[in-house]
Amino acid sequence: MKRMACILLTVFLATLFALPVLAGEYPYAGVDLMGGEFTIDKAPEKVISLAASNTEIIYALGMGDRLVGVDVWSNYPTEAVALEPKVGDFNGPDIEKIVALEPDVVFASTSLQGDAMLKLRELGIQVVSSEATSYAQIAQSIELIAGVIGADASVLLDEMQSKQRTAEEAVAGAVRPRVYYALSFGEMGDWTCGAGTFIDDIITMAGGVNVAHDGPVPWLMYSLEQLISDDPDIILISGDADMVEALMALPGYSVLRAVSQGKVFAVDPDASSRPAPRLRDVMLEIAKLLRPEADVDEGGQ
């Protein structure tokens, strides 16, 4: 019995110390989305975001006043547009500007910003990789950022779960149309997204089947010949109405059923291209486009 009690006590203590520190409690230790371990000693007062998705999450958590710098693509909400200075673009963070701002923490993207992250860490700046790649990982991104800056993420996470549930319930049991998502087309190349991307995830949750799901890489170039062979029921374009007209007018695309039947739709290019809270609204929007008769309300409001 004593031996069993000792074992149980050991397991309890190991579990206790393995639990993450709650948001708002410091020091805060965690693991970022690239697997890097970090410790935040005190509540960050000066924060920099190197990705528009991180910026949106920080504002959605009500912590926008902590931001002292963002990348040039951070244009939502409007407060982010006015925020200065801009510390470079996604592919080229301005190391000198970042260092001069003396941030307590920098929220970066993924391995695409690996060199910049390495340089900043070598200069003694705390960097946390927090940009999601899949839809499910957005919740992790929100929790990670909230934990670091001491915010309550519960309301935001509940809203995302509610809207996902609304979309999935509305299209449950329905015939799933085959969908092609155009990131670009024509002279820019037919770029789209396959398995492992948040776009592929939300098409599935919205009741569709992504024709590029089985592509060899997550973000891929699709040939017009392959697109014609797939002949999707619906084409979604990351853009506006002018881009819809442009695609429908291109030689070769007119043979597509979605084009001939007028089932080519624009989706907000910013909201749909960022793994951030607004993607929940894009999911509902796509669910309405794929199944207009479905009762898809604004769940989670």
# chains A, B, ... in the order shown; residues from 1 in each chain; ligands from 1

call {"tool": "residues_around", "arguments": {"residues": "Met34 of chain A", "least_positions_apart": "3", "cutoff": "8 Å", "atoms": "only C-alpha atoms", "output": "list in words"}}
result
Val31, Thr110, Ser111, Ser129 and Ser130 of chain A

call {"tool": "write_last_selection", "arguments": {"atoms": "N, CA and C atoms", "output": "mmCIF file, in the first residue's frame"}}
result
data_model
loop_
_atom_site.group_PDB
_atom_site.id
_atom_site.type_symbol
_atom_site.label_atom_id
_atom_site.label_comp_id
_atom_site.auth_asym_id
_atom_site.auth_seq_id
_atom_site.Cartn_x
_atom_site.Cartn_y
_atom_site.Cartn_z
ATOM 1 N N VAL A 31 5.466 25.971 -25.549
ATOM 2 C CA VAL A 31 6.101 25.492 -26.779
ATOM 3 C C VAL A 31 5.368 26.140 -27.941
ATOM 4 N N THR A 110 5.880 31.088 -39.588
ATOM 5 C CA THR A 110 6.392 29.722 -39.534
ATOM 6 C C THR A 110 7.837 29.705 -40.024
ATOM 7 N N SER A 111 8.275 28.587 -40.562
ATOM 8 C CA SER A 111 9.661 28.454 -41.023
ATOM 9 C C SER A 111 9.990 29.410 -42.163
ATOM 10 N N SER A 129 6.859 31.577 -32.561
ATOM 11 C CA SER A 129 6.220 31.233 -33.828
ATOM 12 C C SER A 129 4.772 30.839 -33.538
ATOM 13 N N SER A 130 3.831 31.601 -34.097
ATOM 14 C CA SER A 130 2.437 31.404 -33.679
ATOM 15 C C SER A 130 1.430 31.381 -34.818
#

call {"tool": "residues_around", "arguments": {"residues": "Pro269 of chain A", "least_positions_apart": "4", "cutoff": "9 Å", "atoms": "only C-alpha atoms", "output": "MDAnalysis selection string"}}
result
chainID A and resid 183 237:240 273:274

call {"tool": "write_last_selection", "arguments": {"atoms": "C-alpha atoms", "output": "short mmCIF file (atom, residue, chain, number, x, y, z; two decimals), in the first residue's frame"}}
result
data_model
loop_
_atom_site.label_atom_id
_atom_site.label_comp_id
_atom_site.auth_asym_id
_atom_site.auth_seq_id
_atom_site.Cartn_x
_atom_site.Cartn_y
_atom_site.Cartn_z
CA LEU A 183 -5.64 31.47 -55.37
CA ILE A 237 -11.82 32.72 -56.19
CA SER A 238 -9.69 34.51 -53.65
CA GLY A 239 -10.63 37.97 -54.91
CA ASP A 240 -13.52 40.16 -55.98
CA SER A 273 -5.95 33.77 -46.76
CA ARG A 274 -5.15 34.23 -43.08
#

call {"tool": "closest_atom_pairs", "arguments": {"of": "segment 102-185 of chain A", "to": "segment 51-71 of chain A", "cutoff": "12 Å", "atoms": "only C-alpha atoms", "output": "CSV"}}
result
residue,atom,partner,partner_atom,distance
A:Glu102,CA,A:Val68,CA,9.4
A:Pro103,CA,A:Val68,CA,7.7
A:Asp104,CA,A:Arg66,CA,10.0
A:Val105,CA,A:Leu67,CA,9.9
A:Val106,CA,A:Gly69,CA,9.4
A:Phe107,CA,A:Asn54,CA,6.8
A:Ala108,CA,A:Ala51,CA,6.2
A:Ser109,CA,A:Ala51,CA,5.9
A:Thr110,CA,A:Ala51,CA,9.5
A:Leu112,CA,A:Ala51,CA,10.9
A:Gln113,CA,A:Ala51,CA,9.7
A:Val128,CA,A:Asn54,CA,10.6
A:Ser129,CA,A:Asn54,CA,9.6
A:Ser130,CA,A:Asn54,CA,7.0
A:Glu131,CA,A:Asn54,CA,6.5
A:Ala132,CA,A:Ser53,CA,8.6
A:Thr133,CA,A:Ser53,CA,10.8
A:Ile138,CA,A:Ile57,CA,9.5
A:Ala139,CA,A:Ile57,CA,10.3
A:Gln140,CA,A:Ile57,CA,11.4
A:Ser141,CA,A:Asn54,CA,8.2
A:Ile142,CA,A:Ile57,CA,6.5
A:Glu143,CA,A:Ile57,CA,9.9
A:Leu144,CA,A:Ile57,CA,10.4
A:Ile145,CA,A:Ile58,CA,7.3
A:Ala146,CA,A:Leu61,CA,7.2
A:Gly147,CA,A:Leu61,CA,10.8
A:Val148,CA,A:Ile58,CA,10.7
A:Ile149,CA,A:Met63,CA,7.9
A:Gly150,CA,A:Met63,CA,9.0
A:Ala151,CA,A:Leu61,CA,6.4
A:Asp152,CA,A:Leu61,CA,7.1
A:Ala153,CA,A:Leu61,CA,6.5
A:Ser154,CA,A:Leu61,CA,9.5
A:Val155,CA,A:Leu61,CA,8.9
A:Leu156,CA,A:Leu61,CA,7.3
A:Leu157,CA,A:Leu61,CA,10.1
A:Glu159,CA,A:Ala60,CA,11.4
A:Met160,CA,A:Ala60,CA,11.8

call {"tool": "residues_around", "arguments": {"residues": "Leu256 of chain A", "least_positions_apart": "5", "cutoff": "9 Å", "atoms": "only C-alpha atoms", "output": "ChimeraX atom specification"}}
result
/A:227-228,231-233,261

call {"tool": "atom_distance", "arguments": {"atom1": "atom CA of Ser49 of chain A", "atom2": "atom CA of Leu118 of chain A"}}
result
15.7 Å

call {"tool": "residues_around", "arguments": {"residues": "Val175 of chain A", "least_positions_apart": "6", "cutoff": "12 Å", "atoms": "only C-alpha atoms", "output": "PyMOL selection string"}}
result
chain A and resi 206-209+233+290-291+294

call {"tool": "residues_around", "arguments": {"residues": "Met221 of chain A", "least_positions_apart": "2", "cutoff": "10 Å", "atoms": "only C-alpha atoms", "output": "mmCIF file with N, CA and C atoms, in the first residue's frame"}}
result
data_model
loop_
_atom_site.group_PDB
_atom_site.id
_atom_site.type_symbol
_atom_site.label_atom_id
_atom_site.label_comp_id
_atom_site.auth_asym_id
_atom_site.auth_seq_id
_atom_site.Cartn_x
_atom_site.Cartn_y
_atom_site.Cartn_z
ATOM 1 N N LEU A 183 -6.456 30.426 -55.979
ATOM 2 C CA LEU A 183 -5.641 31.473 -55.372
ATOM 3 C C LEU A 183 -5.186 32.459 -56.438
ATOM 4 N N SER A 184 -4.964 31.948 -57.644
ATOM 5 C CA SER A 184 -4.613 32.768 -58.805
ATOM 6 C C SER A 184 -4.954 31.956 -60.045
ATOM 7 N N PHE A 185 -4.876 32.611 -61.210
ATOM 8 C CA PHE A 185 -5.202 31.915 -62.454
ATOM 9 C C PHE A 185 -4.616 32.694 -63.628
ATOM 10 N N GLY A 189 -0.663 31.893 -63.067
ATOM 11 C CA GLY A 189 -0.585 30.468 -62.770
ATOM 12 C C GLY A 189 -1.786 30.022 -61.951
ATOM 13 N N ASP A 190 -2.201 28.780 -62.155
ATOM 14 C CA ASP A 190 -3.368 28.258 -61.444
ATOM 15 C C ASP A 190 -2.943 27.675 -60.099
ATOM 16 N N TRP A 191 -2.737 28.555 -59.149
ATOM 17 C CA TRP A 191 -2.342 28.116 -57.813
ATOM 18 C C TRP A 191 -3.581 27.813 -56.972
ATOM 19 N N THR A 192 -3.481 26.733 -56.214
ATOM 20 C CA THR A 192 -4.596 26.335 -55.354
ATOM 21 C C THR A 192 -4.041 25.696 -54.081
ATOM 22 N N CYS A 193 -4.908 25.103 -53.289
ATOM 23 C CA CYS A 193 -4.477 24.540 -52.002
ATOM 24 C C CYS A 193 -5.040 23.135 -51.818
ATOM 25 N N ALA A 212 -8.556 19.433 -55.237
ATOM 26 C CA ALA A 212 -7.095 19.396 -55.144
ATOM 27 C C ALA A 212 -6.621 18.761 -53.832
ATOM 28 N N GLY A 215 -3.520 16.557 -53.819
ATOM 29 C CA GLY A 215 -2.318 17.092 -54.451
ATOM 30 C C GLY A 215 -1.064 16.698 -53.694
ATOM 31 N N VAL A 217 1.502 18.434 -52.644
ATOM 32 C CA VAL A 217 1.957 19.393 -51.632
ATOM 33 C C VAL A 217 0.764 20.252 -51.220
ATOM 34 N N TRP A 219 0.306 23.619 -50.964
ATOM 35 C CA TRP A 219 0.058 24.742 -51.867
ATOM 36 C C TRP A 219 0.657 24.369 -53.206
ATOM 37 N N SER A 223 -2.652 22.468 -63.255
ATOM 38 C CA SER A 223 -2.695 22.728 -64.690
ATOM 39 C C SER A 223 -4.144 22.919 -65.135
ATOM 40 N N LEU A 224 -4.340 23.709 -66.183
ATOM 41 C CA LEU A 224 -5.679 23.902 -66.728
ATOM 42 C C LEU A 224 -6.244 22.567 -67.211
#

call {"tool": "atom_distance", "arguments": {"atom1": "atom CA of Tyr26 of chain A", "atom2": "atom CA of Glu96 of chain A"}}
result
28.5 Å

call {"tool": "residues_around", "arguments": {"residues": "His213 of chain A", "least_positions_apart": "2", "cutoff": "7 Å", "atoms": "only C-alpha atoms", "output": "compact mmCIF listing (two decimals) with C-alpha atoms, in the first residue's frame"}}
result
# COMPACT_ATOMS: atom_id res chain seq x y z
CA GLY A 194 -4.62 20.87 -51.04
CA ALA A 195 -4.65 18.77 -47.91
CA ASP A 200 -8.95 22.64 -47.59
CA ASN A 210 -11.76 20.03 -52.57
CA VAL A 211 -10.74 18.61 -55.97
CA GLY A 215 -2.32 17.09 -54.45

call {"tool": "atom_distance", "arguments": {"atom1": "atom CA of Ile98 of chain A", "atom2": "atom CA of Arg278 of chain A"}}
result
27.0 Å

call {"tool": "select_by_dssp", "arguments": {"residues": "segment 72-153 of chain A", "states": "alpha helix (DSSP H)", "output": "PyMOL selection string"}}
result
chain A and resi 78-82+95-100+114-122+135-149

call {"tool": "residues_around", "arguments": {"residues": "Lys97 of chain A", "least_positions_apart": "2", "cutoff": "10 Å", "atoms": "only C-alpha atoms", "output": "list in words"}}
result
Gly69, Pro85, Lys86, Val87, Gly88, Pro93, Asp94, Ile95, Val99, Ala100, Leu101 and Glu102 of chain A

call {"tool": "select_by_dssp", "arguments": {"residues": "segment 106-297 of chain A", "states": "strand (DSSP E or B)", "output": "MDAnalysis selection string"}}
result
chainID A and resid 106:108 127:129 178:182 191:193 209:210 219:221 234:238 264:267

call {"tool": "write_last_selection", "arguments": {"atoms": "N, CA and C atoms", "output": "PDB file, in the first residue's frame"}}
result
ATOM      1  N   VAL A 106       8.144  38.991 -29.870  1.00  0.00           N
ATOM      2  CA  VAL A 106       7.800  39.106 -31.286  1.00  0.00           C
ATOM      3  C   VAL A 106       7.044  37.854 -31.699  1.00  0.00           C
ATOM      4  N   PHE A 107       5.834  38.030 -32.228  1.00  0.00           N
ATOM      5  CA  PHE A 107       5.064  36.902 -32.744  1.00  0.00           C
ATOM      6  C   PHE A 107       5.354  36.774 -34.234  1.00  0.00           C
ATOM      7  N   ALA A 108       5.957  35.654 -34.604  1.00  0.00           N
ATOM      8  CA  ALA A 108       6.365  35.437 -35.985  1.00  0.00           C
ATOM      9  C   ALA A 108       5.475  34.400 -36.660  1.00  0.00           C
ATOM     10  N   VAL A 127      11.213  35.435 -29.373  1.00  0.00           N
ATOM     11  CA  VAL A 127      10.403  35.218 -30.571  1.00  0.00           C
ATOM     12  C   VAL A 127       9.543  33.976 -30.383  1.00  0.00           C
ATOM     13  N   VAL A 128       8.255  34.096 -30.729  1.00  0.00           N
ATOM     14  CA  VAL A 128       7.333  32.974 -30.626  1.00  0.00           C
ATOM     15  C   VAL A 128       6.678  32.759 -31.992  1.00  0.00           C
ATOM     16  N   SER A 129       6.859  31.577 -32.561  1.00  0.00           N
ATOM     17  CA  SER A 129       6.220  31.233 -33.828  1.00  0.00           C
ATOM     18  C   SER A 129       4.772  30.839 -33.538  1.00  0.00           C
ATOM     19  N   ARG A 178     -18.246  19.331 -55.612  1.00  0.00           N
ATOM     20  CA  ARG A 178     -16.798  19.319 -55.818  1.00  0.00           C
ATOM     21  C   ARG A 178     -16.345  20.749 -56.091  1.00  0.00           C
ATOM     22  N   VAL A 179     -15.343  21.194 -55.326  1.00  0.00           N
ATOM     23  CA  VAL A 179     -14.961  22.602 -55.302  1.00  0.00           C
ATOM     24  C   VAL A 179     -13.498  22.776 -55.704  1.00  0.00           C
ATOM     25  N   TYR A 180     -13.253  23.822 -56.490  1.00  0.00           N
ATOM     26  CA  TYR A 180     -11.875  24.233 -56.796  1.00  0.00           C
ATOM     27  C   TYR A 180     -11.680  25.638 -56.243  1.00  0.00           C
ATOM     28  N   TYR A 181     -10.599  25.828 -55.498  1.00  0.00           N
ATOM     29  CA  TYR A 181     -10.307  27.130 -54.898  1.00  0.00           C
ATOM     30  C   TYR A 181      -9.144  27.769 -55.643  1.00  0.00           C
ATOM     31  N   ALA A 182      -9.410  28.889 -56.305  1.00  0.00           N
ATOM     32  CA  ALA A 182      -8.388  29.558 -57.119  1.00  0.00           C
ATOM     33  C   ALA A 182      -7.696  30.661 -56.323  1.00  0.00           C
ATOM     34  N   TRP A 191      -2.737  28.555 -59.149  1.00  0.00           N
ATOM     35  CA  TRP A 191      -2.342  28.116 -57.813  1.00  0.00           C
ATOM     36  C   TRP A 191      -3.581  27.813 -56.972  1.00  0.00           C
ATOM     37  N   THR A 192      -3.481  26.733 -56.214  1.00  0.00           N
ATOM     38  CA  THR A 192      -4.596  26.335 -55.354  1.00  0.00           C
ATOM     39  C   THR A 192      -4.041  25.696 -54.081  1.00  0.00           C
ATOM     40  N   CYS A 193      -4.908  25.103 -53.289  1.00  0.00           N
ATOM     41  CA  CYS A 193      -4.477  24.540 -52.002  1.00  0.00           C
ATOM     42  C   CYS A 193      -5.040  23.135 -51.818  1.00  0.00           C
ATOM     43  N   VAL A 209     -16.128  19.211 -51.330  1.00  0.00           N
ATOM     44  CA  VAL A 209     -14.987  18.319 -51.533  1.00  0.00           C
ATOM     45  C   VAL A 209     -13.975  19.076 -52.383  1.00  0.00           C
ATOM     46  N   ASN A 210     -12.811  19.308 -51.852  1.00  0.00           N
ATOM     47  CA  ASN A 210     -11.763  20.030 -52.570  1.00  0.00           C
ATOM     48  C   ASN A 210     -11.145  19.117 -53.623  1.00  0.00           C
ATOM     49  N   TRP A 219       0.306  23.619 -50.964  1.00  0.00           N
ATOM     50  CA  TRP A 219       0.058  24.742 -51.867  1.00  0.00           C
ATOM     51  C   TRP A 219       0.657  24.369 -53.206  1.00  0.00           C
ATOM     52  N   LEU A 220      -0.169  24.275 -54.236  1.00  0.00           N
ATOM     53  CA  LEU A 220       0.324  23.698 -55.476  1.00  0.00           C
ATOM     54  C   LEU A 220      -0.177  24.416 -56.723  1.00  0.00           C
ATOM     55  N   MET A 221       0.603  24.267 -57.784  1.00  0.00           N
ATOM     56  CA  MET A 221       0.225  24.761 -59.108  1.00  0.00           C
ATOM     57  C   MET A 221      -0.605  23.679 -59.782  1.00  0.00           C
ATOM     58  N   ILE A 234     -18.229  23.861 -58.477  1.00  0.00           N
ATOM     59  CA  ILE A 234     -18.150  25.248 -58.017  1.00  0.00           C
ATOM     60  C   ILE A 234     -16.688  25.691 -57.998  1.00  0.00           C
ATOM     61  N   ILE A 235     -16.449  26.925 -58.408  1.00  0.00           N
ATOM     62  CA  ILE A 235     -15.114  27.512 -58.308  1.00  0.00           C
ATOM     63  C   ILE A 235     -15.191  28.703 -57.359  1.00  0.00           C
ATOM     64  N   LEU A 236     -14.317  28.714 -56.385  1.00  0.00           N
ATOM     65  CA  LEU A 236     -14.195  29.838 -55.462  1.00  0.00           C
ATOM     66  C   LEU A 236     -12.907  30.578 -55.796  1.00  0.00           C
ATOM     67  N   ILE A 237     -12.991  31.907 -55.853  1.00  0.00           N
ATOM     68  CA  ILE A 237     -11.815  32.720 -56.186  1.00  0.00           C
ATOM     69  C   ILE A 237     -11.453  33.620 -55.014  1.00  0.00           C
ATOM     70  N   SER A 238     -10.194  33.598 -54.668  1.00  0.00           N
ATOM     71  CA  SER A 238      -9.689  34.513 -53.646  1.00  0.00           C
ATOM     72  C   SER A 238      -9.556  35.887 -54.288  1.00  0.00           C
ATOM     73  N   VAL A 264     -19.265  30.467 -60.197  1.00  0.00           N
ATOM     74  CA  VAL A 264     -17.937  30.958 -59.838  1.00  0.00           C
ATOM     75  C   VAL A 264     -18.141  32.119 -58.881  1.00  0.00           C
ATOM     76  N   PHE A 265     -17.591  32.021 -57.673  1.00  0.00           N
ATOM     77  CA  PHE A 265     -17.870  32.999 -56.632  1.00  0.00           C
ATOM     78  C   PHE A 265     -16.584  33.561 -56.028  1.00  0.00           C
ATOM     79  N   ALA A 266     -16.646  34.838 -55.677  1.00  0.00           N
ATOM     80  CA  ALA A 266     -15.505  35.493 -55.021  1.00  0.00           C
ATOM     81  C   ALA A 266     -15.588  35.307 -53.513  1.00  0.00           C
ATOM     82  N   VAL A 267     -14.433  35.151 -52.911  1.00  0.00           N
ATOM     83  CA  VAL A 267     -14.311  35.050 -51.457  1.00  0.00           C
ATOM     84  C   VAL A 267     -13.278  36.078 -51.006  1.00  0.00           C
TER      85      VAL A 267
END
